[in-house]
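The file start13.txt contains compact mmCIF, C-alpha atoms:
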```txt
# COMPACT_ATOMS: atom_id res chain seq x y z
CA MET A 1 -15.59 -10.58 -16.69
CA SER A 2 -17.82 -8.21 -18.64
CA SER A 3 -16.78 -5.19 -20.64
CA ASP A 4 -18.85 -2.03 -20.93
CA LEU A 5 -18.48 1.38 -22.52
CA LEU A 6 -16.74 4.15 -20.62
CA VAL A 7 -16.23 7.55 -22.07
CA ASP A 8 -14.14 10.63 -21.32
CA LEU A 9 -15.84 13.64 -19.79
CA HIS A 10 -15.59 16.78 -21.90
CA ASP A 11 -14.07 19.87 -20.32
CA ASP A 12 -17.44 21.58 -20.26
CA LEU A 13 -18.90 18.95 -17.91
CA GLY A 14 -20.76 20.37 -14.93
CA GLY A 15 -23.28 23.06 -14.14
CA ASP A 16 -26.71 22.91 -12.60
CA ASP A 17 -28.22 21.40 -15.74
CA SER A 18 -25.79 18.49 -15.86
CA PRO A 19 -26.59 15.07 -14.39
CA SER A 20 -24.19 15.80 -11.53
CA ALA A 21 -26.79 17.56 -9.38
CA ALA A 22 -28.96 14.47 -9.29
CA LEU A 23 -26.08 12.03 -9.02
CA ASP A 24 -24.53 13.83 -6.07
CA GLN A 25 -27.58 12.94 -4.02
CA LEU A 26 -27.32 9.21 -4.70
CA LYS A 27 -25.96 7.09 -1.85
CA LEU A 28 -22.96 4.99 -2.89
CA VAL A 29 -23.30 2.15 -0.37
CA GLN A 30 -26.59 0.90 0.97
CA ASP A 31 -25.84 0.24 4.63
CA LYS A 32 -29.12 -1.63 5.07
CA GLN A 33 -28.08 -4.18 2.51
CA TRP A 34 -24.43 -4.53 3.47
CA PRO A 35 -23.27 -4.13 7.10
CA PRO A 36 -20.37 -1.74 7.69
CA ASP A 37 -16.93 -3.19 7.10
CA ASP A 38 -14.06 -3.05 9.56
CA PRO A 39 -12.74 0.42 10.33
CA PHE A 40 -10.61 2.03 7.64
CA THR A 41 -7.49 1.86 9.74
CA SER A 42 -7.52 -1.92 10.01
CA ASP A 43 -6.23 -2.38 6.47
CA ILE A 44 -3.45 0.13 6.96
CA LYS A 45 -2.31 -1.43 10.24
CA SER A 46 -2.29 -4.89 8.68
CA LEU A 47 0.36 -3.74 6.21
CA GLY A 48 2.85 -3.14 8.97
CA GLY A 49 3.37 0.53 8.13
CA THR A 50 1.79 3.71 6.93
CA SER A 51 3.76 5.22 4.08
CA HIS A 52 6.69 4.60 1.78
CA LEU A 53 7.46 8.34 1.90
CA PRO A 54 9.50 10.08 4.63
CA TRP A 55 7.46 12.05 7.15
CA ASP A 56 8.73 15.39 5.80
CA ASP A 57 7.65 14.66 2.21
CA PRO A 58 4.93 17.12 1.09
CA PHE A 59 2.68 14.19 0.14
CA TYR A 60 3.28 12.12 3.27
CA ASP A 61 -0.17 12.88 4.70
CA ILE A 62 -1.73 11.51 1.49
CA ALA A 63 0.58 8.54 0.91
CA ARG A 64 0.11 7.24 4.46
CA HIS A 65 -3.48 6.31 3.63
CA GLN A 66 -2.24 4.04 0.80
CA ILE A 67 -5.09 5.06 -1.47
CA VAL A 68 -2.85 5.00 -4.55
CA GLU A 69 -0.25 2.26 -5.02
CA VAL A 70 1.97 0.85 -7.76
CA ALA A 71 1.84 -2.94 -8.02
CA GLY A 72 4.39 -4.12 -10.57
CA ASP A 73 3.32 -5.28 -14.03
CA ASP A 74 0.17 -6.99 -15.26
CA ASN A 75 0.16 -10.22 -17.25
CA PHE A 76 0.93 -8.31 -20.44
CA GLY A 77 3.90 -6.25 -19.28
CA ARG A 78 2.05 -3.05 -18.35
CA LYS A 79 2.62 -1.17 -15.09
CA VAL A 80 -0.29 -1.50 -12.65
CA ILE A 81 -1.59 1.49 -10.67
CA VAL A 82 -4.15 0.68 -7.95
CA PHE A 83 -6.70 3.07 -6.42
CA ASN A 84 -8.41 1.88 -3.22
CA ALA A 85 -11.68 3.70 -2.48
CA CYS A 86 -12.10 2.05 0.91
CA ARG A 87 -8.90 3.67 2.16
CA MET A 88 -10.18 7.18 1.59
CA PRO A 89 -10.91 8.73 4.99
CA PRO A 90 -13.96 10.95 5.57
CA GLN A 91 -14.08 14.06 3.39
CA HIS A 92 -13.11 16.46 6.17
CA GLN A 93 -9.96 14.44 6.90
CA LEU A 94 -8.57 14.39 3.36
CA ASP A 95 -7.24 17.19 1.17
CA HIS A 96 -8.74 16.08 -2.14
CA HIS A 97 -6.73 18.58 -4.17
CA LYS A 98 -3.51 17.20 -2.71
CA LEU A 99 -4.77 13.66 -3.42
CA LEU A 100 -5.19 14.65 -7.06
CA MET A 101 -1.66 16.09 -7.17
CA TYR A 102 -0.27 12.93 -5.55
CA LEU A 103 -2.06 10.76 -8.10
CA LYS A 104 -0.56 12.87 -10.89
CA GLN A 105 2.89 12.61 -9.34
CA THR A 106 2.56 8.82 -9.17
CA LEU A 107 1.35 8.54 -12.74
CA ASP A 108 4.07 10.90 -14.01
CA LYS A 109 6.62 8.16 -13.34
CA TYR A 110 4.81 5.68 -15.59
CA VAL A 111 2.64 7.46 -18.16
CA GLU A 112 5.38 7.30 -20.78
CA SER A 113 4.90 3.53 -20.62
CA ASP A 114 1.75 1.53 -21.26
CA TYR A 115 -0.07 1.09 -17.96
CA THR A 116 -3.18 -0.41 -16.37
CA LEU A 117 -5.37 1.22 -13.74
CA ILE A 118 -7.31 -0.94 -11.24
CA TYR A 119 -9.97 0.81 -9.17
CA PHE A 120 -11.36 -1.04 -6.13
CA HIS A 121 -14.75 0.64 -5.76
CA HIS A 122 -16.03 -1.06 -2.61
CA GLY A 123 -15.85 1.20 0.43
CA LEU A 124 -16.74 4.44 -1.29
CA THR A 125 -19.56 5.89 0.81
CA SER A 126 -21.45 9.13 1.24
CA GLU A 127 -18.93 10.03 3.95
CA ASN A 128 -15.72 9.66 1.98
CA LYS A 129 -16.72 10.14 -1.64
CA PRO A 130 -15.25 13.16 -3.44
CA SER A 131 -17.61 15.68 -4.97
CA LEU A 132 -18.51 15.52 -8.63
CA SER A 133 -16.91 18.94 -9.07
CA TRP A 134 -13.66 17.32 -7.89
CA LEU A 135 -14.14 14.54 -10.44
CA ARG A 136 -14.64 17.19 -13.11
CA ASP A 137 -11.46 18.98 -12.04
CA ALA A 138 -9.61 15.68 -11.99
CA TYR A 139 -10.67 14.97 -15.54
CA ARG A 140 -9.37 18.35 -16.65
CA GLU A 141 -6.04 17.69 -14.94
CA PHE A 142 -5.62 14.35 -16.67
CA HIS A 143 -5.05 15.51 -20.21
CA ARG A 144 -3.81 13.49 -23.17
CA LYS A 145 -0.44 12.78 -21.55
CA TYR A 146 -2.17 10.53 -19.02
CA LYS A 147 -4.84 9.04 -21.29
CA LYS A 148 -2.65 8.12 -24.24
CA ASN A 149 -0.91 5.09 -22.76
CA ILE A 150 -3.51 3.80 -20.33
CA LYS A 151 -4.42 0.49 -21.94
CA ALA A 152 -7.11 -0.66 -19.54
CA LEU A 153 -9.17 0.65 -16.64
CA TYR A 154 -10.71 -2.03 -14.43
CA ILE A 155 -13.50 -1.17 -12.00
CA VAL A 156 -13.68 -3.92 -9.38
CA HIS A 157 -17.05 -4.55 -7.68
CA PRO A 158 -18.98 -1.86 -9.58
CA THR A 159 -22.25 -0.76 -8.01
CA MET A 160 -25.43 0.22 -9.76
CA LEU A 161 -24.51 3.83 -9.05
CA ILE A 162 -21.27 3.80 -10.95
CA ARG A 163 -22.93 2.03 -13.86
CA THR A 164 -25.65 4.68 -13.79
CA ILE A 165 -23.11 7.47 -13.85
CA LEU A 166 -21.47 6.03 -16.95
CA ILE A 167 -24.81 5.65 -18.68
CA LEU A 168 -25.87 9.22 -17.87
CA PHE A 169 -22.57 10.67 -19.05
CA LYS A 170 -22.31 8.42 -22.08
CA PRO A 171 -23.18 11.22 -24.55
CA LEU A 172 -20.36 13.34 -23.13
CA ILE A 173 -17.59 10.75 -23.07
CA SER A 174 -15.28 9.59 -25.86
CA PHE A 175 -15.77 6.20 -27.45
CA LYS A 176 -12.02 5.58 -27.74
CA PHE A 177 -11.42 5.74 -24.00
CA GLY A 178 -14.62 3.84 -23.34
CA ARG A 179 -13.19 0.76 -25.01
CA LYS A 180 -10.54 0.60 -22.30
CA LEU A 181 -12.95 0.09 -19.40
CA ASN A 182 -13.85 -3.30 -17.95
CA TYR A 183 -16.09 -4.18 -15.04
CA ILE A 184 -14.65 -6.84 -12.72
CA ASN A 185 -17.41 -8.42 -10.65
CA TYR A 186 -15.27 -10.84 -8.61
CA LEU A 187 -11.63 -10.93 -7.58
CA SER A 188 -11.15 -14.29 -9.29
CA GLU A 189 -11.64 -12.50 -12.62
CA LEU A 190 -8.63 -10.29 -11.90
CA GLU A 191 -6.28 -13.25 -12.33
CA GLU A 192 -6.76 -12.91 -16.07
CA ILE A 193 -5.14 -9.48 -15.87
CA VAL A 194 -2.71 -9.54 -12.95
CA LYS A 195 -1.49 -11.95 -10.31
CA CYS A 196 -3.58 -11.09 -7.26
CA ASP A 197 -0.81 -12.04 -4.83
CA GLN A 198 1.20 -9.03 -6.04
CA LEU A 199 -1.66 -6.69 -5.09
CA VAL A 200 -2.27 -5.51 -1.54
CA ILE A 201 -6.02 -6.02 -1.77
CA PRO A 202 -7.69 -4.46 1.30
CA ASN A 203 -9.24 -6.93 3.73
CA ARG A 204 -12.57 -5.13 3.40
CA VAL A 205 -12.54 -5.78 -0.34
CA ARG A 206 -11.69 -9.47 0.09
CA GLU A 207 -14.45 -9.88 2.69
CA TYR A 208 -16.95 -8.11 0.45
CA ASP A 209 -15.97 -10.37 -2.46
CA ASP A 210 -16.57 -13.45 -0.30
CA LYS A 211 -19.92 -12.04 0.78
CA ILE A 212 -21.26 -11.42 -2.71
CA ARG A 213 -20.03 -14.77 -3.98
CA LEU A 214 -21.79 -16.59 -1.16
CA SER A 215 -24.99 -14.65 -1.83
CA LEU A 216 -25.26 -16.13 -5.33
CA LYS A 217 -26.95 -19.36 -6.27
CA PRO A 218 -24.55 -22.32 -6.22
CA SER A 219 -24.83 -22.76 -9.98
CA VAL A 220 -23.48 -19.27 -10.67
CA VAL A 221 -20.94 -18.78 -7.87
CA PRO A 222 -17.54 -17.97 -9.44
CA GLY A 223 -14.67 -20.12 -8.32
CA PRO A 224 -11.93 -18.92 -5.97
CA ILE A 225 -8.64 -17.62 -7.32
CA SER A 226 -7.14 -20.54 -9.23
CA PRO A 227 -4.06 -22.27 -7.78
CA PRO A 228 -0.96 -22.58 -9.98
CA ARG A 229 -1.19 -25.26 -12.65
CA SER A 230 1.25 -28.13 -12.88
CA PRO A 231 4.18 -27.24 -15.18
CA LEU A 232 4.21 -28.48 -18.75
CA PRO A 233 6.97 -30.92 -19.84
CA PHE A 234 9.02 -28.11 -21.46
CA GLN A 235 7.94 -25.34 -19.10
CA GLN A 236 10.13 -22.23 -19.32
CA PHE A 237 7.91 -19.68 -17.57
CA GLY A 238 7.13 -19.81 -13.87
CA VAL A 239 9.78 -22.40 -13.00
CA PRO A 240 13.12 -22.04 -11.15
CA LEU A 241 16.08 -20.84 -13.21
CA SER A 242 17.77 -24.19 -12.64
CA ASN A 243 15.01 -25.77 -14.78
CA VAL A 244 15.23 -23.20 -17.59
CA ASN A 245 17.06 -23.89 -20.84
CA PHE A 246 17.47 -20.26 -21.93
CA ILE A 247 16.75 -16.63 -21.09
CA PRO A 248 14.40 -15.13 -23.71
CA ILE A 249 16.57 -12.15 -24.71
CA PHE A 250 16.52 -11.20 -28.36
CA ILE A 251 18.24 -8.21 -29.97
CA VAL A 252 15.17 -6.78 -31.66
CA GLY A 253 14.49 -3.09 -32.32
CA LEU A 254 17.00 -1.54 -29.93
CA LYS A 255 16.53 1.80 -31.65
CA THR A 256 12.76 1.68 -31.34
CA GLU A 257 11.52 4.60 -29.25
CA GLY A 258 9.86 3.40 -26.06
CA ILE A 259 11.21 -0.14 -26.24
CA PHE A 260 10.19 -1.94 -23.00
CA ARG A 261 7.56 0.74 -22.36
CA ARG A 262 4.98 -0.50 -24.82
CA SER A 263 2.75 -3.53 -24.45
CA ALA A 264 2.29 -6.13 -27.18
CA ASN A 265 -0.63 -7.83 -28.84
CA VAL A 266 -2.28 -9.87 -26.08
CA SER A 267 -3.00 -12.88 -28.29
CA LEU A 268 0.58 -12.98 -29.56
CA VAL A 269 1.92 -12.85 -26.00
CA LYS A 270 -0.22 -15.85 -24.99
CA ASP A 271 0.74 -17.78 -28.15
CA VAL A 272 4.49 -17.19 -27.73
CA LYS A 273 4.40 -18.16 -24.07
CA LEU A 274 2.52 -21.37 -24.88
CA LYS A 275 5.03 -22.22 -27.62
CA TYR A 276 7.97 -21.82 -25.26
CA ASN A 277 6.27 -23.92 -22.59
CA SER A 278 5.48 -26.58 -25.19
CA GLY A 279 9.05 -26.80 -26.43
CA GLU A 280 8.30 -25.18 -29.80
CA GLU A 281 10.69 -22.86 -31.59
CA VAL A 282 9.83 -19.15 -31.65
CA SER A 283 11.10 -16.76 -34.34
CA PHE A 284 10.50 -13.13 -33.38
CA SER A 285 11.76 -11.94 -36.74
CA GLN A 286 8.66 -13.51 -38.32
CA LEU A 287 6.25 -11.92 -35.85
CA ASP A 288 4.99 -8.46 -36.77
CA ASP A 289 5.32 -6.83 -33.34
CA VAL A 290 8.57 -5.13 -32.39
CA HIS A 291 7.56 -4.91 -28.71
CA LEU A 292 6.69 -8.58 -28.35
CA ALA A 293 10.20 -9.77 -27.47
CA ALA A 294 10.50 -7.04 -24.82
CA VAL A 295 7.19 -8.03 -23.21
CA ILE A 296 8.14 -11.73 -23.21
CA LEU A 297 11.43 -10.96 -21.44
CA LYS A 298 9.69 -8.96 -18.68
CA MET A 299 7.05 -11.67 -18.31
CA PHE A 300 9.71 -14.36 -17.98
CA LEU A 301 11.44 -12.46 -15.16
CA ARG A 302 8.19 -11.58 -13.41
CA GLU A 303 6.97 -15.19 -13.37
CA LEU A 304 10.08 -16.67 -11.75
CA PRO A 305 9.13 -18.36 -8.44
CA GLU A 306 11.81 -16.25 -6.75
CA PRO A 307 13.14 -12.97 -8.15
CA LEU A 308 16.38 -13.00 -10.10
CA LEU A 309 18.09 -10.98 -7.34
CA THR A 310 16.62 -13.39 -4.73
CA TYR A 311 14.83 -12.76 -1.45
CA GLN A 312 18.14 -13.12 0.36
CA LEU A 313 19.37 -9.79 -1.07
CA TYR A 314 16.09 -7.95 -0.52
CA ASN A 315 17.07 -6.08 2.65
CA ASP A 316 20.55 -5.22 1.35
CA ILE A 317 19.08 -3.75 -1.83
CA VAL A 318 16.26 -1.84 -0.15
CA ASN A 319 18.82 -0.26 2.21
CA PHE A 320 21.47 0.31 -0.46
CA HIS A 321 20.95 4.07 -0.31
CA ASN A 322 23.04 4.00 2.87
CA VAL A 323 26.15 2.90 0.94
CA ASP A 324 28.48 5.77 0.06
CA THR A 325 29.10 6.41 -3.64
CA GLU A 326 32.78 5.37 -3.64
CA SER A 327 31.98 1.95 -2.20
CA GLN A 328 28.91 1.11 -4.31
CA ALA A 329 30.57 -0.95 -7.05
CA GLU A 330 32.53 -3.10 -4.60
CA ARG A 331 29.49 -3.50 -2.37
CA ILE A 332 27.34 -4.71 -5.30
CA ARG A 333 30.05 -7.17 -6.40
CA ASN A 334 30.14 -8.66 -2.91
CA MET A 335 26.34 -8.85 -2.75
CA LEU A 336 26.06 -10.61 -6.10
CA MET A 337 28.61 -13.23 -5.08
CA SER A 338 25.89 -14.78 -2.90
CA LEU A 339 23.63 -15.41 -5.90
CA PRO A 340 23.20 -18.95 -7.25
CA GLU A 341 25.36 -19.53 -10.31
CA GLU A 342 22.44 -19.49 -12.75
CA ASN A 343 21.08 -16.27 -11.23
CA TYR A 344 24.44 -14.51 -11.48
CA ALA A 345 25.00 -15.60 -15.07
CA SER A 346 21.47 -14.58 -16.08
CA LEU A 347 21.72 -11.20 -14.31
CA ARG A 348 25.07 -10.44 -15.90
CA PHE A 349 23.78 -11.29 -19.36
CA LEU A 350 20.62 -9.24 -18.83
CA ILE A 351 22.41 -6.15 -17.49
CA GLN A 352 24.92 -6.21 -20.32
CA PHE A 353 22.03 -6.45 -22.77
CA LEU A 354 20.25 -3.51 -21.14
CA ALA A 355 23.50 -1.54 -21.38
CA GLN A 356 23.26 -1.97 -25.15
CA VAL A 357 19.70 -0.65 -24.99
CA SER A 358 20.70 2.44 -23.00
CA ALA A 359 23.59 3.07 -25.39
CA GLU A 360 20.90 3.94 -27.94
CA SER A 361 18.99 6.18 -25.52
CA GLU A 362 19.24 9.27 -27.71
CA VAL A 363 16.99 7.40 -30.14
CA ASN A 364 14.97 4.99 -28.00
CA LYS A 365 14.70 7.34 -24.96
CA MET A 366 15.54 4.46 -22.61
CA THR A 367 18.18 5.83 -20.25
CA ASN A 368 19.43 3.80 -17.31
CA ALA A 369 16.93 5.63 -15.09
CA ASN A 370 14.03 4.75 -17.41
CA LEU A 371 15.16 1.13 -17.71
CA ALA A 372 15.35 0.93 -13.91
CA VAL A 373 11.71 2.00 -13.60
CA VAL A 374 10.71 -0.68 -16.11
CA PHE A 375 12.87 -3.52 -14.78
CA GLY A 376 13.25 -2.81 -11.06
CA LEU A 377 10.21 -4.78 -9.90
CA ASN A 378 10.92 -7.50 -12.44
CA LEU A 379 14.31 -8.14 -10.82
CA LEU A 380 13.28 -8.00 -7.17
CA TRP A 381 10.09 -8.07 -5.10
CA GLY A 382 9.25 -8.81 -1.51
CA GLN A 383 7.84 -12.05 -0.18
CA ASP A 384 4.56 -10.26 0.38
CA ALA A 385 3.06 -7.48 -1.68
CA SER A 386 3.13 -4.83 1.04
CA MET A 387 6.91 -5.15 1.32
CA THR A 388 7.30 -4.57 -2.40
CA LEU A 389 5.05 -1.52 -2.51
CA SER A 390 7.04 0.24 0.20
CA ALA A 391 10.35 -0.53 -1.53
CA ILE A 392 9.66 0.48 -5.15
CA GLY A 393 11.85 3.58 -4.97
CA PRO A 394 14.87 1.86 -3.40
CA ILE A 395 14.62 -1.11 -5.78
CA ASN A 396 14.47 1.13 -8.84
CA ASN A 397 17.37 3.20 -7.48
CA PHE A 398 19.51 0.09 -6.98
CA THR A 399 18.70 -1.08 -10.50
CA ARG A 400 19.78 2.27 -11.93
CA ILE A 401 23.07 2.16 -10.00
CA LEU A 402 23.68 -1.42 -11.17
CA LEU A 403 23.23 -0.27 -14.78
CA ASP A 404 25.43 2.80 -14.23
CA LEU A 405 28.23 0.70 -12.69
CA HIS A 406 27.84 -2.51 -14.68
CA GLN A 407 31.35 -2.37 -16.13
CA LYS A 408 32.86 -2.09 -12.65
CA VAL A 409 30.54 -4.71 -11.17
CA PHE A 410 30.89 -7.38 -13.86
CA ILE A 411 34.65 -7.32 -14.35
CA GLN A 412 35.81 -9.37 -17.29
```
Represent the structure contained in this file as structure tokens.
Amino acid sequence: MSSDLLVDLHDDLGGDDSPSAALDQLKLVQDKQWPPDDPFTSDIKSLGGTSHLPWDDPFYDIARHQIVEVAGDDNFGRKVIVFNACRMPPQHQLDHHKLLMYLKQTLDKYVESDYTLIYFHHGLTSENKPSLSWLRDAYREFHRKYKKNIKALYIVHPTMLIRTILILFKPLISFKFGRKLNYINYLSELEEIVKCDQLVIPNRVREYDDKIRLSLKPSVVPGPISPPRSPLPFQQFGVPLSNVNFIPIFIVGLKTEGIFRRSANVSLVKDVKLKYNSGEEVSFSQLDDVHLAAVILKMFLRELPEPLLTYQLYNDIVNFHNVDTESQAERIRNMLMSLPEENYASLRFLIQFLAQVSAESEVNKMTNANLAVVFGLNLLWGQDASMTLSAIGPINNFTRILLDLHQKVFIQ
């Protein structure tokens, strides 16, 4: 994986004298070099649905294309937002202003937390690419609120065009934001950032990745996505709860504003995880990073082979909105009775801990609703990524209700 400079466009970008006039005439995909991929609709049909929004939602016509998706957390505890260029229909079939508003609405749910943006560039052509004036308007819409907590922007399969654009606009773009951009040349490199099986990577993108890897000389062909490694003797991450000696919950910085929303030092996260898996003792009080313990807890939950709430309860939880308010506590109690003993004990301990966090919400700003957004997809996910993406709202809603009713659910 290589890292290059990206910079923010100033608000005065544009005009006939800017590089945009020349760039707008560049072709984004050379059809002579790469044959056309499968039709756009093939990826959408393969997901078994069109949209996670109801048909009468004002953004339904945008969401059904699945251009913008939320895909859980990355390997460092940051929310992942995915933008799929290949799913953009031809220009005349897409309201680009509404797409921008939908992107903002999606980000609004997560920009108070640290987050990662992954942009799959393959599939952007002269037929479906937005105008550079739209890109300028988009930049103006995404003010500091959106830029502050984005920790990384990954451009997957960058073309010479997109590299050229960044070079031409380099004098106009901020150095600070530029440090957040990384080029990802092959999907196997993404595993360093996020587990690829939690992403709904379009078939066209996977096929293109295979094509460019096969076109390289054997000595430089990157390997496929690595299979899971064999567990270490004292492995605590990525193993069933029945094999775990503890749940990494530590009462650290409960009054810290944004606790569970911030990421931690990447090197420290890797070191602490390795220590736990090697059977070494970890003392968070000696580590100078108040958010480290929070990130480790989310990582532990996310790396369980099966979610804490189990696949068995997936349908019940996704459809929980059909349960009337008066019956919710009893219904949750009955649902949780089906959990394995270690799952129930761990969930109870975790929820009671999070209740302590929300009790300090006037200071730390972490209400039950905010905690649900952070922890929902760390407690439950589908057996394939497309199921999870369509159920984010219901999962987060169930998590919030569980926190609201925890005293009635977990009766002493």
Exercise for the section: Have a look at A:Ala71, A:Val205, A:Val239, A:Leu287 and name the one nearest to Pro305 in chain A; count only C-alpha atoms. Expected result: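 The shortest atom-to-atom distance to Pro305 in chain A comes from A:Val239.
Restricting the calculation to only C-alpha atoms, the smallest distance between Phe398 in chain A and any of A:Arg348, A:Arg213, A:Lys148, A:His321 is found for A:His321.
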Exercise for the section: Mind checking which residues fall within 10 Å of Asn243 in chain A, counting all atoms listed in the file, ignoring those fewer than 5 positions away in the same chain, and posting them as a PyMOL selection string? Expected result: chain A and resi 234-238+342
Exercise for the section: Quick one: everything within 12 Å of Leu371 in chain A, counting all atoms listed in the file, minus sequence neighbours fewer than 5 positions away in the same chain. Send it as a PyMOL selection string. Expected result: chain A and resi 109-110+112-113+258-261+294+298+350-351+353-359+361+364-366+376-379+396-404
Take the selection from the previous step and output its residues with C-alpha atoms, as a PDB file, in the frame of the given file.
```
ATOM      1  CA  LYS A 109       6.620   8.160 -13.340  1.00  0.00           C
ATOM      2  CA  TYR A 110       4.810   5.680 -15.590  1.00  0.00           C
ATOM      3  CA  GLU A 112       5.380   7.300 -20.780  1.00  0.00           C
ATOM      4  CA  SER A 113       4.900   3.530 -20.620  1.00  0.00           C
ATOM      5  CA  GLY A 258       9.860   3.400 -26.060  1.00  0.00           C
ATOM      6  CA  ILE A 259      11.210  -0.140 -26.240  1.00  0.00           C
ATOM      7  CA  PHE A 260      10.190  -1.940 -23.000  1.00  0.00           C
ATOM      8  CA  ARG A 261       7.560   0.740 -22.360  1.00  0.00           C
ATOM      9  CA  ALA A 294      10.500  -7.040 -24.820  1.00  0.00           C
ATOM     10  CA  LYS A 298       9.690  -8.960 -18.680  1.00  0.00           C
ATOM     11  CA  LEU A 350      20.620  -9.240 -18.830  1.00  0.00           C
ATOM     12  CA  ILE A 351      22.410  -6.150 -17.490  1.00  0.00           C
ATOM     13  CA  PHE A 353      22.030  -6.450 -22.770  1.00  0.00           C
ATOM     14  CA  LEU A 354      20.250  -3.510 -21.140  1.00  0.00           C
ATOM     15  CA  ALA A 355      23.500  -1.540 -21.380  1.00  0.00           C
ATOM     16  CA  GLN A 356      23.260  -1.970 -25.150  1.00  0.00           C
ATOM     17  CA  VAL A 357      19.700  -0.650 -24.990  1.00  0.00           C
ATOM     18  CA  SER A 358      20.700   2.440 -23.000  1.00  0.00           C
ATOM     19  CA  ALA A 359      23.590   3.070 -25.390  1.00  0.00           C
ATOM     20  CA  SER A 361      18.990   6.180 -25.520  1.00  0.00           C
ATOM     21  CA  ASN A 364      14.970   4.990 -28.000  1.00  0.00           C
ATOM     22  CA  LYS A 365      14.700   7.340 -24.960  1.00  0.00           C
ATOM     23  CA  MET A 366      15.540   4.460 -22.610  1.00  0.00           C
ATOM     24  CA  GLY A 376      13.250  -2.810 -11.060  1.00  0.00           C
ATOM     25  CA  LEU A 377      10.210  -4.780  -9.900  1.00  0.00           C
ATOM     26  CA  ASN A 378      10.920  -7.500 -12.440  1.00  0.00           C
ATOM     27  CA  LEU A 379      14.310  -8.140 -10.820  1.00  0.00           C
ATOM     28  CA  ASN A 396      14.470   1.130  -8.840  1.00  0.00           C
ATOM     29  CA  ASN A 397      17.370   3.200  -7.480  1.00  0.00           C
ATOM     30  CA  PHE A 398      19.510   0.090  -6.980  1.00  0.00           C
ATOM     31  CA  THR A 399      18.700  -1.080 -10.500  1.00  0.00           C
ATOM     32  CA  ARG A 400      19.780   2.270 -11.930  1.00  0.00           C
ATOM     33  CA  ILE A 401      23.070   2.160 -10.000  1.00  0.00           C
ATOM     34  CA  LEU A 402      23.680  -1.420 -11.170  1.00  0.00           C
ATOM     35  CA  LEU A 403      23.230  -0.270 -14.780  1.00  0.00           C
ATOM     36  CA  ASP A 404      25.430   2.800 -14.230  1.00  0.00           C
TER      37      ASP A 404
END
```
Practice task
Can you work out the spacing between CA of Asn128 in chain A and CA of Gln91 in chain A in Å, to one decimal?
Solution key: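 Here the two named atoms are 4.9 Å from each other.
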Padding 8 Å on each side, edges along x, y and z: where is the centre of the box around the listed atoms of range 197-214 of chain A, and how long are its edges in Å to one decimal? Output it as AutoDock Vina command-line options.
```
--center_x -10.3 --center_y -10.5 --center_z -1.2 --size_x 39.0 --size_y 28.1 --size_z 25.8
```
Exercise for the section: Please indicate the distance in Å from CA of Tyr115 in chain A to CA of Cys86 in chain A, rounded to one decimal place. Expected result: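 These two atoms are separated by 22.4 Å.
In terms of minimum interatomic distance to Met337 in chain A, A:Phe410 ranks closest within A:Phe177, A:Tyr183, A:Tyr311, A:Phe410, counting only C-alpha atoms.
Closest to Pro340 in chain A among A:Leu241, A:Leu190, A:Ile296, A:Met101 is A:Leu241, based on only C-alpha atoms.
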Practice task
Can you work out which one of A:Phe320, A:Phe246, A:Trp381, A:Phe375 has the shortest atom-to-atom distance to Asn343 in chain A, counting all atoms listed in the file?
Solution key: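 Going through A:Phe320, A:Phe246, A:Trp381, A:Phe375 one by one, the smallest distance to Asn343 in chain A is for A:Phe246.
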Handout entry: Which residue of A:Asn75, A:Gln66, A:Ser338, A:Ser267 approaches Leu313 in chain A most closely, using all atoms listed in the file
Key =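 Nearest candidate to Leu313 in chain A out of A:Asn75, A:Gln66, A:Ser338, A:Ser267: A:Ser338.
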Handout entry: Non-local contacts of Thr388 in chain A (12 Å; all atoms listed in the file; under 2 positions in same chain excluded) as a ChimeraX atom specification
Key = /A:47,52,69-72,197-200,307,311,314-315,317-318,376-386,390-396
Exercise for the section: Rounded to one decimal place, report the CA of Ile165 in chain A-CA of Leu135 in chain A distance in Å. Expected result: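 For CA of Ile165 in chain A relative to CA of Leu135 in chain A, the distance reads 11.9 Å.
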Exercise for the section: Please identify all polymer residues within 12 Å of Trp134 in chain A, counting all atoms listed in the file, omitting same-chain residues fewer than 2 positions from it, and present them as JSON, numbers by chain. Expected result: {"A": [13, 14, 20, 24, 91, 95, 96, 97, 98, 99, 100, 129, 130, 131, 132, 136, 137, 138, 139, 140, 141]}
